[in-house]
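Notes follow once the structure below has been shown.
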Amino acid sequence: MKAQALTLPKSTKSPKHPKSYTVERGRHHPLGAHPDAGGISFAFFSEYATGIELLLFDAHDAIEPFQTITMDPEDNRSFAIWHAYVRDLKAPVFYALRVFGPEGEQARHQGHRFDPQKVLIDPYARGLDRTLWERGSACVPGDNVATSLRSAVVDLADYDWAGDEPLNRPMEDLVIYEMHVGGFTRSPSAGVKNPGTFAGVVEKIPYLKELGITAVELLPVFDFDDSETRTVGDRTLTNFWGYSTAAFFAPHAGFCTTPELGRHVREFRDMVKALHRAGIEVILDVVFNHTDEGNHLGPLFSFAGWDNRNYYYLDPADPQFYYDYSGCGNTLMTNHPIVTKMVVDCLEYWVREMHVDGFRFDEAAVLSRGAGGEILDEPPAIWQIELSDTLADTKIIAEAWDAAGAYEVGRYPGYRWAEWNGLYRDTMRRFVRGEPGLAGAVATRLAGSADLYQARGHRPINSVNFVTCHDGFTLADLVSYNEKHNWANGEDNRDGNDDNMSWNCGQEGPTDDTAVRSLRERQIRNFATLLMMSRGVPMLVAGDEIGRTQQGNNNAYCQDNEISWFDWHLADANPDLLRFWTKLLAFRKANRVLRRREFYNGLANSRGVPDLTWHGTRLDAPGWTDPDTRALACTIGGEGDEPDLHLMMNMYWEPLDFELMGIPGHRWATAINTALPAPADIVEPGAEQPVDGSTYAVAGRSIAVLVSRPY
């Protein structure tokens with residue numbers, strides 16, 4: 001099944017608009033197009049523009065505007081803001097702009113890219129129409145009004161939220177599920193009415209709720225250009241992930257059931273409202289480090305044509321070229337005041353008008369860079385996001401690195417910014433595949449990464465713990481491949497990360513060897529158990545709970561096909577794995593001690609059990625300095641009537657006997673044992689099997705979790 005692009009029907013022209021509308025001076029704020037009872041207000045930023053034409057279209061596929069409004073530099077400009085008010089104009093309506101400014105070779109060497117022959121969108125547009133869009137026409141000389149993008153005025157007031165608000169769930173109670181809106185239901189196996197859409201996600205909410213997910217983190221849903229394609233073998237490749245934003249205020253039309261103007265906003269809102277009704281928060285993966293305009297050879301349709309010198313990092317040696325900290329051709333200069341404003345306005349819009357609960361910032365180290373690309377101690381953009389009253393209860397999560405070498409995990413600015421904890425990922429991957437001498441590192445990650453956060457007054461909830469994410473191997477592939485297999489991307493397997501810290505369990509890729517398959521399944525359960533037993537905020541990737549594979553592809557950014565799609569047949573093929581994850585998430589929810597927002601402090605509970613005690617195979621002997629150890633254990637003191645927990649990790653290939661701590665009046669019972677077949681691998685509360693004796697045999701490459709029960 002191939003994704004189908006939404007195409008508006010060819011319009012039937014009618015005398016919808018009078019010959020011209022009355023144009024008034026307007027106001028310099030707010031930026032963008034805003035309808036009210038009397039008409040529509042337009043406002044745009046450009047410091048270096050010398051003139052602007054506002055083109056109004058009466059249909060999505062109208063090539064010529066029904067009215068062109070020339071903004072006068074005297075009457076329609078306040079400092080660097082150009083503005084006009086069009087009396088009696090009503091939404092819906094389409095619009096675009098021509099921006100005049102310094103041109104020619106000298107202007108380009110000064111960093112300008114003004115070209116009034118290139119029709120631009122409004123950076124603040126609430127809707128984007130691509131019916132006529134031909135990307136190549138924005139890259140070559142000549143007028144492209146017949147093949148340009150159109151901005152759309154959307155009336156946001158016509159919607160019944162039915163009392164919905166962002167959920168404001170405590171950070172420590174999150175279980176984040178990273179997913180791609182299209183890929184989640186685009187496979188025919190999804191069996192939904194509207195595959196690959198916001199509405200398709202709604203149809204699968206019962207699955208998410210049953211699994212125990214409390215927040216979905218959606219790969220980019222801001223409108224992006226997926227029109228460019230190339231063919232590799234029998235597959236058509238495109239911009240599937242969407243990490244090249246074209247319109248920051250508009251939901252991606254490709255995720256909608258209908259291209260009707262304004263419907264994209266309604267369908268996104270419907271999804272959010274439905275997820276909230278199920279108790280699931282919505283976190284958006286946002287891309288403010290670069291845009292879809294690419295490098296100096298890329299298309300001219302937005303920021304570059306508006307004010308290239310203020311929006312992007314330019315090479316001071318020759319400003320016609322870009323500095324590229326993002327790895328995508330250009331980099332937004334987010335700490336320029338006007339770009340900071342755009343970023344904050346955008347985030348506040350998605351919270352205020354779309355009820356979004358949080359954001360994950362792609363390559364967020366870019367937001368730390370100053371005018372010269374240096375890393376700032378107090379970056380204005382980051383602090384404006386942190387201190388915005390509108391965003392005060394919103395989750396903000398940083399991917400605290402970028403493509404130019406900045407790495408800020410553990411030192412990202414701000415108080416409440418959480419971070420994707422790359423050190424957690426790397427440590428757990430190395431440990432589970434069997435590397436020795438990692439006892440101290442694993443203990444630090446399990447306990448909330450105090451080495452990264454405690455000294456700064458941060459908490460475990462500043463750490464988003466993960467083993468896999470969209471960028472890299474799935475969990476099933478992490479235990480099935482030693483090497484990446486990205487040949488389907490058409491880049492001779494050069495793309496993607498070469499160092500995955502994976503282990504194929506003895507054979508590369510698919511196998512019928514039952515012993516290898518059994519070990520792989522156990523390794524998946526090991527990773528899952530570590531993730532849910534760790535302090536911090538756990539994140540898993542959609543499909544890891546059912547063994548989704550990308551056939552060894554660790555960079556499936558271009559694969560809008562079965563390589564990337566969620567295969568719902570796997571839920572039936574791997575019911576024991578799905579059951580394990582579901583019970584594991586329930587176990588975490590039932591044991592509040594695993595979800596505390598504070599670090600462990602060594603204080604004992606009423607039973608005399610400290611909140612955390614480390615062991616090896618022998619009590620109180622964790623082997624911090626043992627270069628050969630592959631084993632670690634800990635006792636976690638439960639709170640109140642909750643049980644104490646005893647976690648034993650054996651990544652050695654032979655069984656090991658672990659000593660058990662004695663608790664007066666209590667005995668240990670097995671809740672989780674990743675070496676056992678289902679359903680004994682994780683049991684219902686109250687059905688745990690009592691442990692006899694003072695030791696417990698943990699099978700090779702497995703994890704056991706015991707709970708204390710009173711005699």
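Lettering and numbering for the structure tokens are positional, with chains as A, B, ... in the shown order, residues counted from 1 in each chain, and ligands counted from 1 in the shown order.
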
Do a neighbour search on His355 (chain A) at 6 Å with only C-alpha atoms, toss out local chain neighbours closer than 3 positions, and write the hits as a PyMOL selection string. chain A and resi 165-166+351-352

What are the nearest atom pairs, with distances in Å to one decimal, for all residues of region 512-551 of chain A that come at most 10 Å from region 167-172 of chain A, using only C-alpha atoms, set out by chain and rising residue number as a tab-separated table?
residue	atom	partner	partner_atom	distance
A:Arg535	CA	A:Glu172	CA	8.5
A:Gly536	CA	A:Glu172	CA	6.7
A:Val537	CA	A:Glu172	CA	6.0
A:Pro538	CA	A:Glu172	CA	9.1

Export of prior selection with C-alpha atoms as a PDB file, in the first residue's frame:
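And here is the file that came out, out.pdb:
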ATOM      1  CA  ARG A 535      14.144   6.314  37.568  1.00  0.00           C
ATOM      2  CA  GLY A 536      13.425   8.994  35.033  1.00  0.00           C
ATOM      3  CA  VAL A 537      10.937   9.135  32.174  1.00  0.00           C
ATOM      4  CA  PRO A 538      10.817   5.989  29.997  1.00  0.00           C
TER       5      PRO A 538
END

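Proximity to Leu218 (chain A) at 10 Å, evaluated using only C-alpha atoms and with sequence-adjacent residues fewer than 6 positions away removed, yields A:Ile176, A:Tyr177, A:Glu178, A:Met179, A:His180, A:Val181, A:Gly182, A:Val282, A:Ile283, A:Leu284, A:Asp285, A:Val286, A:Phe359, A:Arg360.
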
Fewer than 2 positions away in the same chain doesn't count, so skip those; otherwise give me all residues within 12 Å of Ile81 (chain A), counting only C-alpha atoms, as a ChimeraX atom specification. /A:25-32,42-52,71-79,83-84,306-307,338

Could you give me, as a VMD selection string, the residues within 12 Å of Gly457 (chain A), counting only C-alpha atoms and dropping anything in the same chain fewer than 4 positions from it? chain A and resid 410 to 411 414 to 416 450 to 453 461 to 462 598 to 599

List the neighbours of Pro123 (chain A) out to 9 Å using only C-alpha atoms; skip same-chain residues closer than 4 positions along the sequence, and give me the result as a list in words.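 Within the cut-off, the hits are Gly32, Phe44, Ser151, Ala246, Ala247, Phe248, Phe249, Ser302, Phe303, Trp306 and Met342 of chain A.
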
What lies within 10 Å of Pro65 (chain A) using only C-alpha atoms, ignoring chain neighbours under 6 positions off, as a VMD selection string? chain A and resid 54 to 59 94 to 96 145

Using CA of Leu174 (chain A) and CA of Pro206 (chain A) as the two end points, give the distance in Å to one decimal.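 Distance between the two atoms: 17.6 Å.
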
Residues of region 368-530 of chain A classed as strand (DSSP E or B) by DSSP on the backbone are to be reported as a list in words. Arg369, Ile375, Lys395, Ile396, Ile397, Ala398, Trp401, Tyr407, Ala418, Glu419, Trp420, Ser463, Val464, Asn465 and Phe466 of chain A

Write out, as a PDB file, in the first residue's frame, the residues just selected, with N, CA and C atoms.
ATOM      1  N   ARG A 369      22.965  28.166  20.342  1.00  0.00           N
ATOM      2  CA  ARG A 369      24.039  28.842  19.596  1.00  0.00           C
ATOM      3  C   ARG A 369      23.761  30.334  19.428  1.00  0.00           C
ATOM      4  N   ILE A 375      28.318  28.321  21.556  1.00  0.00           N
ATOM      5  CA  ILE A 375      27.348  27.856  22.538  1.00  0.00           C
ATOM      6  C   ILE A 375      27.234  28.903  23.647  1.00  0.00           C
ATOM      7  N   LYS A 395       5.388  20.128  28.801  1.00  0.00           N
ATOM      8  CA  LYS A 395       6.626  19.362  28.792  1.00  0.00           C
ATOM      9  C   LYS A 395       7.559  19.898  27.702  1.00  0.00           C
ATOM     10  N   ILE A 396       8.815  20.094  28.020  1.00  0.00           N
ATOM     11  CA  ILE A 396       9.812  20.516  27.043  1.00  0.00           C
ATOM     12  C   ILE A 396      11.002  19.565  27.146  1.00  0.00           C
ATOM     13  N   ILE A 397      11.301  18.907  26.036  1.00  0.00           N
ATOM     14  CA  ILE A 397      12.311  17.839  25.994  1.00  0.00           C
ATOM     15  C   ILE A 397      13.312  18.151  24.890  1.00  0.00           C
ATOM     16  N   ALA A 398      14.581  18.137  25.219  1.00  0.00           N
ATOM     17  CA  ALA A 398      15.633  18.472  24.265  1.00  0.00           C
ATOM     18  C   ALA A 398      16.365  17.228  23.781  1.00  0.00           C
ATOM     19  N   TRP A 401      21.841  17.658  21.368  1.00  0.00           N
ATOM     20  CA  TRP A 401      23.023  17.655  20.518  1.00  0.00           C
ATOM     21  C   TRP A 401      22.619  18.160  19.148  1.00  0.00           C
ATOM     22  N   TYR A 407      27.231  18.807  22.135  1.00  0.00           N
ATOM     23  CA  TYR A 407      26.627  17.731  22.921  1.00  0.00           C
ATOM     24  C   TYR A 407      26.408  18.260  24.331  1.00  0.00           C
ATOM     25  N   ALA A 418      13.767  18.658  30.070  1.00  0.00           N
ATOM     26  CA  ALA A 418      14.209  17.262  30.100  1.00  0.00           C
ATOM     27  C   ALA A 418      15.079  17.017  28.870  1.00  0.00           C
ATOM     28  N   GLU A 419      15.837  15.934  28.912  1.00  0.00           N
ATOM     29  CA  GLU A 419      16.751  15.626  27.817  1.00  0.00           C
ATOM     30  C   GLU A 419      16.624  14.165  27.417  1.00  0.00           C
ATOM     31  N   TRP A 420      16.719  13.907  26.128  1.00  0.00           N
ATOM     32  CA  TRP A 420      16.937  12.536  25.704  1.00  0.00           C
ATOM     33  C   TRP A 420      18.306  12.127  26.234  1.00  0.00           C
ATOM     34  N   SER A 463      15.584  13.424  32.926  1.00  0.00           N
ATOM     35  CA  SER A 463      16.166  12.396  32.053  1.00  0.00           C
ATOM     36  C   SER A 463      15.069  11.601  31.367  1.00  0.00           C
ATOM     37  N   VAL A 464      15.023  11.664  30.045  1.00  0.00           N
ATOM     38  CA  VAL A 464      14.163  10.771  29.276  1.00  0.00           C
ATOM     39  C   VAL A 464      15.011   9.560  28.908  1.00  0.00           C
ATOM     40  N   ASN A 465      14.702   8.439  29.521  1.00  0.00           N
ATOM     41  CA  ASN A 465      15.461   7.211  29.324  1.00  0.00           C
ATOM     42  C   ASN A 465      14.915   6.461  28.112  1.00  0.00           C
ATOM     43  N   PHE A 466      15.810   6.001  27.259  1.00  0.00           N
ATOM     44  CA  PHE A 466      15.381   5.241  26.087  1.00  0.00           C
ATOM     45  C   PHE A 466      16.504   4.322  25.642  1.00  0.00           C
TER      46      PHE A 466
END

Atomic separation - CA of Glu217 (chain A) relative to CA of Tyr325 (chain A), Å: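 Rounded to one decimal, the two atoms are 24.3 Å apart.
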
One decimal, in Å: what's the spacing between CA of Lys193 (chain A) and CA of Thr231 (chain A)? 28.5 Å
